[in-house]
>>> print(open('model_17.pdb').read())   # PDB, C-alpha atoms
ATOM      1  CA  MET A   1       0.000   0.000   0.000
ATOM      2  CA  THR A   2       2.159   2.802  -1.174
ATOM      3  CA  THR A   3      -0.369   5.031  -2.923
ATOM      4  CA  THR A   4      -1.073   8.339  -1.235
ATOM      5  CA  PRO A   5      -4.604   7.891   0.098
ATOM      6  CA  THR A   6      -5.713  11.495  -0.294
ATOM      7  CA  PRO A   7      -7.428  11.721  -3.719
ATOM      8  CA  GLN A   8     -10.630  10.148  -2.451
ATOM      9  CA  THR A   9     -11.570  12.931  -0.064
ATOM     10  CA  THR A  10     -14.331  14.120  -2.398
ATOM     11  CA  THR A  11     -16.534  11.166  -1.419
ATOM     12  CA  PRO A  12     -19.433  12.640   0.570
ATOM     13  CA  ALA A  13     -19.974  11.437   4.087
ATOM     14  CA  THR A  14     -22.893  12.357   6.287
ATOM     15  CA  ALA A  15     -23.836  11.466   9.834
ATOM     16  CA  SER A  16     -26.666   9.281   8.576
ATOM     17  CA  GLY A  17     -24.651   7.245   6.104
ATOM     18  CA  THR A  18     -24.271   7.408   2.352
ATOM     19  CA  ALA A  19     -26.804   6.922  -0.412
ATOM     20  CA  GLU A  20     -25.470   3.389  -0.826
ATOM     21  CA  GLY A  21     -27.143   2.419   2.435
ATOM     22  CA  ALA A  22     -24.026   1.531   4.392
ATOM     23  CA  ALA A  23     -24.611   0.581   8.020
ATOM     24  CA  HIS A  24     -22.145   3.251   9.027
ATOM     25  CA  ARG A  25     -20.821   6.431   7.459
ATOM     26  CA  HIS A  26     -18.636   5.841   4.488
ATOM     27  CA  GLY A  27     -15.933   7.673   2.691
ATOM     28  CA  PRO A  28     -12.660   8.687   4.273
ATOM     29  CA  ARG A  29     -12.824  10.067   7.785
ATOM     30  CA  LEU A  30      -9.645  12.071   7.593
ATOM     31  CA  PRO A  31      -6.806  12.626   5.117
ATOM     32  CA  TRP A  32      -4.139  11.311   7.438
ATOM     33  CA  ALA A  33      -1.193  11.439   5.044
ATOM     34  CA  LYS A  34      -1.860  15.121   4.396
ATOM     35  CA  LEU A  35      -2.418  15.965   8.053
ATOM     36  CA  ALA A  36       0.711  14.161   9.262
ATOM     37  CA  PRO A  37       3.174  13.792   6.361
ATOM     38  CA  ASP A  38       5.914  12.754   8.788
ATOM     39  CA  VAL A  39       3.810   9.759   9.834
ATOM     40  CA  TYR A  40       3.159   8.814   6.199
ATOM     41  CA  LYS A  41       6.838   9.147   5.316
ATOM     42  CA  ALA A  42       7.802   6.802   8.159
ATOM     43  CA  MET A  43       5.231   4.263   6.965
ATOM     44  CA  ILE A  44       6.635   4.364   3.417
ATOM     45  CA  ALA A  45      10.158   3.793   4.787
ATOM     46  CA  LEU A  46       8.924   0.896   6.932
ATOM     47  CA  ASP A  47       7.103  -0.639   3.957
ATOM     48  CA  ALA A  48      10.188  -0.447   1.734
ATOM     49  CA  ALA A  49      12.380  -2.042   4.420
ATOM     50  CA  ALA A  50       9.891  -4.820   5.164
ATOM     51  CA  LYS A  51       9.596  -6.120   1.582
ATOM     52  CA  GLN A  52      13.308  -6.755   1.134
ATOM     53  CA  GLY A  53      14.401 -10.245   0.242
ATOM     54  CA  LEU A  54      10.929 -11.798   0.015
ATOM     55  CA  ASP A  55       9.266 -13.474  -2.981
ATOM     56  CA  PRO A  56       6.779 -10.908  -4.416
ATOM     57  CA  THR A  57       4.126 -13.618  -4.921
ATOM     58  CA  LEU A  58       4.304 -14.552  -1.255
ATOM     59  CA  VAL A  59       4.259 -10.881  -0.227
ATOM     60  CA  GLU A  60       0.864 -10.316  -1.873
ATOM     61  CA  LEU A  61      -0.650 -13.492  -0.383
ATOM     62  CA  VAL A  62       0.440 -12.418   3.101
ATOM     63  CA  LYS A  63      -0.857  -8.874   2.591
ATOM     64  CA  ILE A  64      -4.243 -10.070   1.329
ATOM     65  CA  ARG A  65      -4.687 -12.546   4.193
ATOM     66  CA  ALA A  66      -3.786 -10.047   6.944
ATOM     67  CA  SER A  67      -6.076  -7.445   5.342
ATOM     68  CA  GLN A  68      -8.924  -9.976   5.346
ATOM     69  CA  LEU A  69      -8.445 -10.690   9.057
ATOM     70  CA  ASN A  70      -8.317  -6.973   9.839
ATOM     71  CA  HIS A  71     -11.280  -6.169   7.563
ATOM     72  CA  CYS A  72      -9.447  -3.463   5.607
ATOM     73  CA  ALA A  73     -11.435  -3.008   2.390
ATOM     74  CA  PHE A  74      -8.980  -0.561   0.844
ATOM     75  CA  CYS A  75      -6.057  -2.929   1.507
ATOM     76  CA  ILE A  76      -7.846  -6.075   0.275
ATOM     77  CA  ASP A  77      -8.761  -4.259  -2.926
ATOM     78  CA  MET A  78      -5.265  -2.908  -3.493
ATOM     79  CA  HIS A  79      -3.452  -6.161  -2.862
ATOM     80  CA  ILE A  80      -5.797  -8.345  -4.880
ATOM     81  CA  ARG A  81      -5.276  -5.965  -7.809
ATOM     82  CA  ASP A  82      -1.516  -6.072  -7.269
ATOM     83  CA  ALA A  83      -1.544  -9.865  -7.039
ATOM     84  CA  ARG A  84      -3.533 -10.156 -10.282
ATOM     85  CA  LYS A  85      -1.153  -7.800 -12.048
ATOM     86  CA  ALA A  86       1.740  -9.956 -10.873
ATOM     87  CA  GLY A  87       0.096 -13.011 -12.441
ATOM     88  CA  GLU A  88      -1.536 -14.603  -9.403
ATOM     89  CA  THR A  89      -4.459 -16.928 -10.264
ATOM     90  CA  GLU A  90      -8.049 -16.025  -9.355
ATOM     91  CA  GLN A  91      -8.446 -19.363  -7.631
ATOM     92  CA  ARG A  92      -5.501 -18.862  -5.296
ATOM     93  CA  ILE A  93      -6.822 -15.393  -4.489
ATOM     94  CA  TYR A  94     -10.383 -16.414  -3.660
ATOM     95  CA  LEU A  95      -9.365 -19.554  -1.775
ATOM     96  CA  LEU A  96      -7.038 -17.603   0.482
ATOM     97  CA  ASN A  97      -9.797 -17.113   3.031
ATOM     98  CA  ALA A  98      -9.912 -20.919   3.421
ATOM     99  CA  TRP A  99      -6.305 -21.793   2.630
ATOM    100  CA  GLU A 100      -6.077 -24.510   5.272
ATOM    101  CA  GLU A 101      -8.888 -26.375   3.498
ATOM    102  CA  ALA A 102      -7.234 -25.823   0.116
ATOM    103  CA  ALA A 103      -3.718 -26.836   1.020
ATOM    104  CA  GLY A 104      -3.041 -28.329  -2.401
ATOM    105  CA  HIS A 105      -3.152 -24.857  -3.929
ATOM    106  CA  TYR A 106      -0.351 -23.390  -1.848
ATOM    107  CA  THR A 107       3.204 -24.592  -1.353
ATOM    108  CA  ASP A 108       4.351 -25.814   2.061
ATOM    109  CA  LYS A 109       6.364 -22.637   2.413
ATOM    110  CA  GLU A 110       3.355 -20.447   1.596
ATOM    111  CA  GLN A 111       1.220 -22.349   4.100
ATOM    112  CA  ALA A 112       3.824 -21.890   6.817
ATOM    113  CA  ALA A 113       3.905 -18.158   6.043
ATOM    114  CA  LEU A 114       0.103 -17.898   6.082
ATOM    115  CA  ALA A 115      -0.091 -19.642   9.465
ATOM    116  CA  LEU A 116       2.480 -17.193  10.836
ATOM    117  CA  THR A 117       0.541 -14.290   9.304
ATOM    118  CA  GLU A 118      -2.599 -15.358  11.127
ATOM    119  CA  ALA A 119      -0.872 -15.829  14.483
ATOM    120  CA  ILE A 120       0.885 -12.453  14.363
ATOM    121  CA  THR A 121      -2.241 -10.665  13.137
ATOM    122  CA  LEU A 122      -4.480 -12.255  15.789
ATOM    123  CA  LEU A 123      -2.105 -11.396  18.625
ATOM    124  CA  THR A 124      -4.942 -10.460  20.961
ATOM    125  CA  ASP A 125      -6.238 -14.053  20.736
ATOM    126  CA  GLY A 126      -3.062 -15.525  22.125
ATOM    127  CA  PHE A 127       0.606 -15.550  21.253
ATOM    128  CA  VAL A 128       2.694 -16.863  18.407
ATOM    129  CA  PRO A 129       2.795 -20.575  19.287
ATOM    130  CA  ASP A 130       6.052 -22.510  19.002
ATOM    131  CA  ALA A 131       4.441 -24.895  16.495
ATOM    132  CA  VAL A 132       3.549 -22.020  14.149
ATOM    133  CA  TYR A 133       6.894 -20.308  14.606
ATOM    134  CA  ASP A 134       8.891 -23.529  14.160
ATOM    135  CA  ARG A 135       6.968 -24.433  11.005
ATOM    136  CA  ALA A 136       7.884 -21.060   9.511
ATOM    137  CA  ALA A 137      11.475 -21.375  10.710
ATOM    138  CA  GLY A 138      11.641 -24.740   8.944
ATOM    139  CA  HIS A 139      10.971 -23.076   5.580
ATOM    140  CA  PHE A 140      12.547 -19.643   6.038
ATOM    141  CA  GLY A 141      16.117 -18.927   7.079
ATOM    142  CA  ASP A 142      16.579 -16.567  10.031
ATOM    143  CA  THR A 143      17.013 -13.422   7.942
ATOM    144  CA  GLU A 144      14.112 -14.244   5.630
ATOM    145  CA  LEU A 145      11.973 -15.077   8.658
ATOM    146  CA  ALA A 146      12.780 -11.714  10.252
ATOM    147  CA  GLN A 147      11.734 -10.019   6.985
ATOM    148  CA  LEU A 148       8.502 -12.031   6.929
ATOM    149  CA  ILE A 149       7.699 -10.911  10.486
ATOM    150  CA  ALA A 150       8.452  -7.331   9.418
ATOM    151  CA  LEU A 151       6.136  -7.687   6.411
ATOM    152  CA  ILE A 152       3.267  -9.047   8.513
ATOM    153  CA  THR A 153       3.778  -6.244  11.033
ATOM    154  CA  THR A 154       3.804  -3.623   8.290
ATOM    155  CA  ILE A 155       0.612  -4.753   6.566
ATOM    156  CA  ASN A 156      -1.020  -4.808   9.994
ATOM    157  CA  ALA A 157       0.090  -1.185  10.391
ATOM    158  CA  TRP A 158      -1.363  -0.159   6.999
ATOM    159  CA  ASN A 159      -4.579  -2.002   7.890
ATOM    160  CA  ARG A 160      -4.850   0.074  11.074
ATOM    161  CA  PHE A 161      -4.552   3.350   9.187
ATOM    162  CA  GLY A 162      -6.886   2.093   6.457
ATOM    163  CA  VAL A 163      -9.686   1.027   8.789
ATOM    164  CA  SER A 164      -9.313   3.820  11.381
ATOM    165  CA  THR A 165      -9.374   6.584   8.782
ATOM    166  CA  ARG A 166     -11.849   4.617   6.643
ATOM    167  CA  MET A 167      -9.957   4.722   3.388
ATOM    168  CA  ALA A 168     -12.302   3.768   0.553
ATOM    169  CA  PRO A 169     -11.416   1.180  -2.094
ATOM    170  CA  GLY A 170     -11.191   2.448  -5.660
ATOM    171  CA  ARG A 171     -13.898   1.709  -8.221
ATOM    172  CA  ALA A 172     -13.257  -1.255 -10.510
TER
ATOM    173  CA  MET B   1      16.889  -8.385  37.415
ATOM    174  CA  THR B   2      19.545  -9.906  35.226
ATOM    175  CA  VAL B   3      18.469 -10.801  31.728
ATOM    176  CA  THR B   4      19.556 -14.328  30.948
ATOM    177  CA  GLU B   5      17.015 -15.275  28.290
ATOM    178  CA  THR B   6      17.777 -14.992  24.613
ATOM    179  CA  PRO B   7      15.185 -14.059  22.027
ATOM    180  CA  ARG B   8      13.564 -16.680  19.800
ATOM    181  CA  LEU B   9      14.925 -14.667  16.883
ATOM    182  CA  PRO B  10      17.434 -11.759  17.078
ATOM    183  CA  PHE B  11      15.021  -9.762  14.938
ATOM    184  CA  TYR B  12      16.555  -6.300  15.077
ATOM    185  CA  ARG B  13      19.994  -7.593  14.096
ATOM    186  CA  LEU B  14      18.633  -9.743  11.256
ATOM    187  CA  ALA B  15      16.382  -6.991   9.859
ATOM    188  CA  PRO B  16      18.381  -3.857  10.695
ATOM    189  CA  GLY B  17      16.336  -1.676   8.341
ATOM    190  CA  ILE B  18      13.162  -1.940  10.435
ATOM    191  CA  HIS B  19      14.115  -0.336  13.747
ATOM    192  CA  GLY B  20      14.810   3.114  12.242
ATOM    193  CA  PRO B  21      11.500   3.604  10.378
ATOM    194  CA  LEU B  22       9.526   2.195  13.293
ATOM    195  CA  LEU B  23      11.251   4.588  15.673
ATOM    196  CA  ALA B  24      10.562   7.446  13.212
ATOM    197  CA  LEU B  25       6.881   6.456  13.111
ATOM    198  CA  THR B  26       6.744   6.374  16.906
ATOM    199  CA  ARG B  27       8.408   9.771  17.261
ATOM    200  CA  ALA B  28       6.173  11.355  14.621
ATOM    201  CA  ALA B  29       3.140   9.906  16.381
ATOM    202  CA  LYS B  30       4.101  11.351  19.770
ATOM    203  CA  LYS B  31       4.306  14.941  18.500
ATOM    204  CA  ASP B  32       1.902  17.188  20.423
ATOM    205  CA  LEU B  33       0.547  14.303  22.506
ATOM    206  CA  ASP B  34       0.740  14.475  26.306
ATOM    207  CA  PRO B  35       3.570  12.109  27.416
ATOM    208  CA  ALA B  36       1.480  10.797  30.329
ATOM    209  CA  LEU B  37      -1.337   9.912  27.926
ATOM    210  CA  VAL B  38       1.145   8.293  25.537
ATOM    211  CA  GLU B  39       2.379   5.856  28.196
ATOM    212  CA  LEU B  40      -1.169   4.897  29.205
ATOM    213  CA  LEU B  41      -1.996   4.000  25.596
ATOM    214  CA  LEU B  42       1.269   2.109  25.078
ATOM    215  CA  ILE B  43       0.591   0.054  28.207
ATOM    216  CA  ARG B  44      -3.026  -0.687  27.261
ATOM    217  CA  ALA B  45      -2.187  -1.855  23.716
ATOM    218  CA  SER B  46       0.657  -4.003  25.065
ATOM    219  CA  GLN B  47      -1.762  -5.607  27.537
ATOM    220  CA  LEU B  48      -4.200  -6.478  24.736
ATOM    221  CA  ASN B  49      -1.404  -7.876  22.575
ATOM    222  CA  HIS B  50       0.220  -9.745  25.481
ATOM    223  CA  CYS B  51       3.678  -8.240  24.904
ATOM    224  CA  ALA B  52       5.688  -8.771  28.103
ATOM    225  CA  PHE B  53       8.734  -6.865  26.901
ATOM    226  CA  CYS B  54       6.578  -3.867  25.940
ATOM    227  CA  LEU B  55       4.527  -3.929  29.160
ATOM    228  CA  ASP B  56       7.672  -3.930  31.244
ATOM    229  CA  MET B  57       9.207  -1.070  29.271
ATOM    230  CA  HIS B  58       6.158   1.169  29.355
ATOM    231  CA  VAL B  59       5.132   0.532  32.945
ATOM    232  CA  THR B  60       8.720   1.378  33.906
ATOM    233  CA  ASP B  61       8.645   4.519  31.750
ATOM    234  CA  ALA B  62       5.260   5.578  33.124
ATOM    235  CA  ARG B  63       6.453   5.190  36.717
ATOM    236  CA  LYS B  64       9.592   7.178  35.988
ATOM    237  CA  ALA B  65       7.421   9.937  34.521
ATOM    238  CA  GLY B  66       5.446  10.082  37.766
ATOM    239  CA  GLU B  67       2.384   8.012  36.863
ATOM    240  CA  THR B  68       0.606   6.559  39.916
ATOM    241  CA  ASP B  69       0.630   2.823  40.610
ATOM    242  CA  GLU B  70      -3.140   2.941  40.962
ATOM    243  CA  ARG B  71      -3.722   4.342  37.471
ATOM    244  CA  ILE B  72      -1.304   1.781  36.035
ATOM    245  CA  ALA B  73      -2.868  -1.135  37.908
ATOM    246  CA  LEU B  74      -6.437  -0.225  36.919
ATOM    247  CA  LEU B  75      -5.708   0.375  33.251
ATOM    248  CA  GLY B  76      -6.962  -3.104  32.353
ATOM    249  CA  ALA B  77     -10.360  -2.117  33.788
ATOM    250  CA  TRP B  78     -10.379   1.609  32.973
ATOM    251  CA  GLU B  79     -14.042   1.606  31.962
ATOM    252  CA  GLU B  80     -14.931   0.521  35.505
ATOM    253  CA  ALA B  81     -12.610   3.116  37.038
ATOM    254  CA  THR B  82     -13.512   6.185  35.027
ATOM    255  CA  GLY B  83     -13.000   8.507  37.968
ATOM    256  CA  LEU B  84      -9.271   7.904  37.663
ATOM    257  CA  TYR B  85      -8.936   8.952  34.009
ATOM    258  CA  SER B  86      -9.905  12.204  32.320
ATOM    259  CA  PRO B  87     -12.578  12.192  29.570
ATOM    260  CA  GLU B  88      -9.769  12.840  27.079
ATOM    261  CA  GLU B  89      -7.806   9.826  28.347
ATOM    262  CA  GLN B  90     -10.910   7.655  28.229
ATOM    263  CA  ALA B  91     -11.613   8.655  24.623
ATOM    264  CA  ALA B  92      -8.023   7.800  23.681
ATOM    265  CA  LEU B  93      -8.166   4.473  25.532
ATOM    266  CA  ALA B  94     -11.394   3.513  23.741
ATOM    267  CA  LEU B  95      -9.747   4.323  20.397
ATOM    268  CA  THR B  96      -6.669   2.313  21.406
ATOM    269  CA  GLU B  97      -8.810  -0.733  22.090
ATOM    270  CA  ALA B  98     -10.791  -0.469  18.833
ATOM    271  CA  VAL B  99      -7.700   0.040  16.655
ATOM    272  CA  THR B 100      -5.847  -2.775  18.431
ATOM    273  CA  LEU B 101      -8.765  -5.232  18.258
ATOM    274  CA  LEU B 102      -9.250  -4.706  14.527
ATOM    275  CA  PRO B 103     -10.024  -8.372  13.712
ATOM    276  CA  GLN B 104     -13.000  -8.130  16.101
ATOM    277  CA  GLY B 105     -14.708  -5.519  14.003
ATOM    278  CA  GLY B 106     -13.454  -2.142  12.930
ATOM    279  CA  VAL B 107     -13.420   1.274  14.553
ATOM    280  CA  PRO B 108     -17.039   2.288  15.313
ATOM    281  CA  ASP B 109     -18.212   5.824  14.537
ATOM    282  CA  GLU B 110     -18.941   6.549  18.197
ATOM    283  CA  VAL B 111     -15.408   5.606  19.249
ATOM    284  CA  TYR B 112     -13.861   7.581  16.430
ATOM    285  CA  ASP B 113     -16.093  10.639  16.994
ATOM    286  CA  ARG B 114     -15.397  10.642  20.723
ATOM    287  CA  ALA B 115     -11.641  10.767  20.058
ATOM    288  CA  ALA B 116     -11.982  13.366  17.287
ATOM    289  CA  ALA B 117     -14.006  15.617  19.617
ATOM    290  CA  HIS B 118     -11.128  15.697  22.113
ATOM    291  CA  PHE B 119      -8.109  15.626  19.837
ATOM    292  CA  GLY B 120      -9.117  17.270  16.542
ATOM    293  CA  ASP B 121      -8.170  15.898  13.117
ATOM    294  CA  THR B 122      -4.387  16.100  13.384
ATOM    295  CA  GLY B 123      -4.377  14.929  16.994
ATOM    296  CA  THR B 124      -6.515  11.957  15.997
ATOM    297  CA  VAL B 125      -4.088  11.036  13.209
ATOM    298  CA  ARG B 126      -1.239  11.146  15.724
ATOM    299  CA  LEU B 127      -3.214   8.965  18.129
ATOM    300  CA  ILE B 128      -3.903   6.430  15.360
ATOM    301  CA  ALA B 129      -0.217   6.530  14.412
ATOM    302  CA  LEU B 130       0.821   5.949  18.033
ATOM    303  CA  ILE B 131      -1.580   3.026  18.435
ATOM    304  CA  THR B 132      -0.338   1.596  15.114
ATOM    305  CA  ALA B 133       3.296   2.039  16.164
ATOM    306  CA  ILE B 134       2.885   0.221  19.488
ATOM    307  CA  ASN B 135       0.908  -2.510  17.725
ATOM    308  CA  SER B 136       3.899  -2.907  15.402
ATOM    309  CA  TRP B 137       6.415  -3.113  18.263
ATOM    310  CA  ASN B 138       4.083  -5.580  20.017
ATOM    311  CA  ARG B 139       3.905  -7.823  16.927
ATOM    312  CA  ILE B 140       7.645  -7.954  16.382
ATOM    313  CA  ASN B 141       8.529  -8.403  20.046
ATOM    314  CA  VAL B 142       5.976 -11.174  20.597
ATOM    315  CA  ALA B 143       6.821 -12.989  17.330
ATOM    316  CA  ALA B 144      10.565 -12.810  17.998
ATOM    317  CA  ARG B 145       9.959 -13.401  21.735
ATOM    318  CA  ILE B 146      12.206 -10.569  22.845
ATOM    319  CA  PRO B 147      13.011 -11.070  26.555
ATOM    320  CA  VAL B 148      11.945  -8.532  29.168
ATOM    321  CA  GLY B 149      14.636  -5.926  29.608
ATOM    322  CA  ALA B 150      16.541  -6.656  26.370
ATOM    323  CA  SER B 151      17.922  -3.913  24.139
ATOM    324  CA  LEU B 152      16.140  -3.467  20.819
ATOM    325  CA  ALA B 153      18.841  -1.549  18.986
ATOM    326  CA  PRO B 154      20.082  -3.371  15.847
ATOM    327  CA  ALA B 155      23.734  -3.528  16.933
ATOM    328  CA  GLU B 156      24.432  -6.125  19.590
ATOM    329  CA  ALA B 157      26.479  -3.793  21.766
ATOM    330  CA  ALA B 158      24.282  -0.774  21.242
ATOM    331  CA  PRO B 159      24.517   1.967  23.847
ATOM    332  CA  THR B 160      21.545   3.040  25.929
ATOM    333  CA  PRO B 161      18.816   4.166  25.718
ATOM    334  CA  VAL B 162      16.956   0.950  25.137
ATOM    335  CA  GLY B 163      15.122   1.298  21.855
ATOM    336  CA  GLY B 164      11.540   0.428  21.097
ATOM    337  CA  ALA B 165       8.774   2.901  21.540
ATOM    338  CA  SER B 166      10.822   5.198  23.762
TER
END
>>> encode(input="model_17.pdb", output="structure tokens")
Amino acid sequence: MTTTPTPQTTTPATASGTAEGAAHRHGPRLPWAKLAPDVYKAMIALDAAAKQGLDPTLVELVKIRASQLNHCAFCIDMHIRDARKAGETEQRIYLLNAWEEAAGHYTDKEQAALALTEAITLLTDGFVPDAVYDRAAGHFGDTELAQLIALITTINAWNRFGVSTRMAPGRA
Amino acid sequence: MTVTETPRLPFYRLAPGIHGPLLALTRAAKKDLDPALVELLLIRASQLNHCAFCLDMHVTDARKAGETDERIALLGAWEEATGLYSPEEQAALALTEAVTLLPQGGVPDEVYDRAAAHFGDTGTVRLIALITAINSWNRINVAARIPVGASLAPAEAAPTPVGGAS
């Protein structure tokens, strides 16, 4: 998620919701990147550092899955588009929400990374169990594993900005 | 207390490019926010995310800054102890919980509006950035199982101060 999220501020938002009948107000709540450019700049630097040394295909799968768990519409939309552009199949994208039941569609390494993504994203539900960590460590070397943890942390950070400030997905 | 444990993964040494941007995010977030409020939020998020290293650091920092033991001890039940926290602090704590518990369902309008009424647009962005920053430190430190009291700086023999969200 490296696109400046400000161009969508023209979307109307009222206290009673939009004409589309959303259960809550829609459209961006506040143009955070414009209001705090230093915060945005730090996020861009974090994002660039986190991606280093990881397979781009895996990066998009991890970003989509974390964004699903955190319910970030803007981020799901962005990363599914990015994954498609990079040649990811529709089936692997739509099965991601049930990857454990579709294990044949993802490599062992991808599955280990997805399990780690879920544990680190759902931190409030528990911890990062040894079994999940060890499975990831079995497929990723120490440096690559540190980068994967950084990537999962970073998409979680983007998700928090996206949901809190209610960034709206683009039109198809 | 002597630190004898080693981390599950020496994260900050293996990914040396992460500490700097995360520290920059944390510093940018803290601008114009009351330091006493900042520590309360950092403690509350670290409680929700079960980050022992982070809890230890921020309870220690809060005490040093003069926070009372009572306000620290009751933070896990702040909604039942509202007399101890200002309306502004309560609004920020409610936002901290919603932004931290994202998988449980978003940031409701009432929580957002309550924070925006106390902090204004820019203040609310900084609050969201602070909550996001501590959530990031929590994720790394739990995943890598960084021991209580360890130094977070990328270099092994890094000088004080201890890094992290300080």
>>> atom_distance(input="model_17.pdb", atom1="atom CA of B:Trp137", atom2="atom CA of A:Gly126")
16.1 Å
>>> interface_residues(input="model_17.pdb", of="chain A", to="chain B", cutoff="9 Å", atoms="only C-alpha atoms", output="PyMOL selection string")
chain A and resi 24-25+30-33+35-36+38-47+49-50+68-72+116+119-129+133+142-147+149-150+152-154+156-161+163-166
>>> resolve_selection(input="model_17.pdb", expression="the PyMOL selection byres ((chain A and resi 81) around 12)", output="PyMOL selection string")
chain A and resi 1+60-61+63-64+74-80+82-90+93+169-172
>>> resolve_selection(input="model_17.pdb", expression="the PyMOL selection byres ((chain A and resi 105) around 9)", output="ChimeraX atom specification")
/A:91-92,95,99,102-104,106-107
>>> resolve_selection(input="model_17.pdb", expression="the PyMOL selection byres ((chain B and resi 87-90) around 8)", output="ChimeraX atom specification")
/B:37,78-79,82,85-86,91-94,115,118-119
>>> atom_distance(input="model_17.pdb", atom1="atom CA of B:Pro7", atom2="atom CA of A:Gln111")
24.2 Å
>>> atom_distance(input="model_17.pdb", atom1="atom CA of B:Ala153", atom2="atom CA of A:Ala137")
22.7 Å
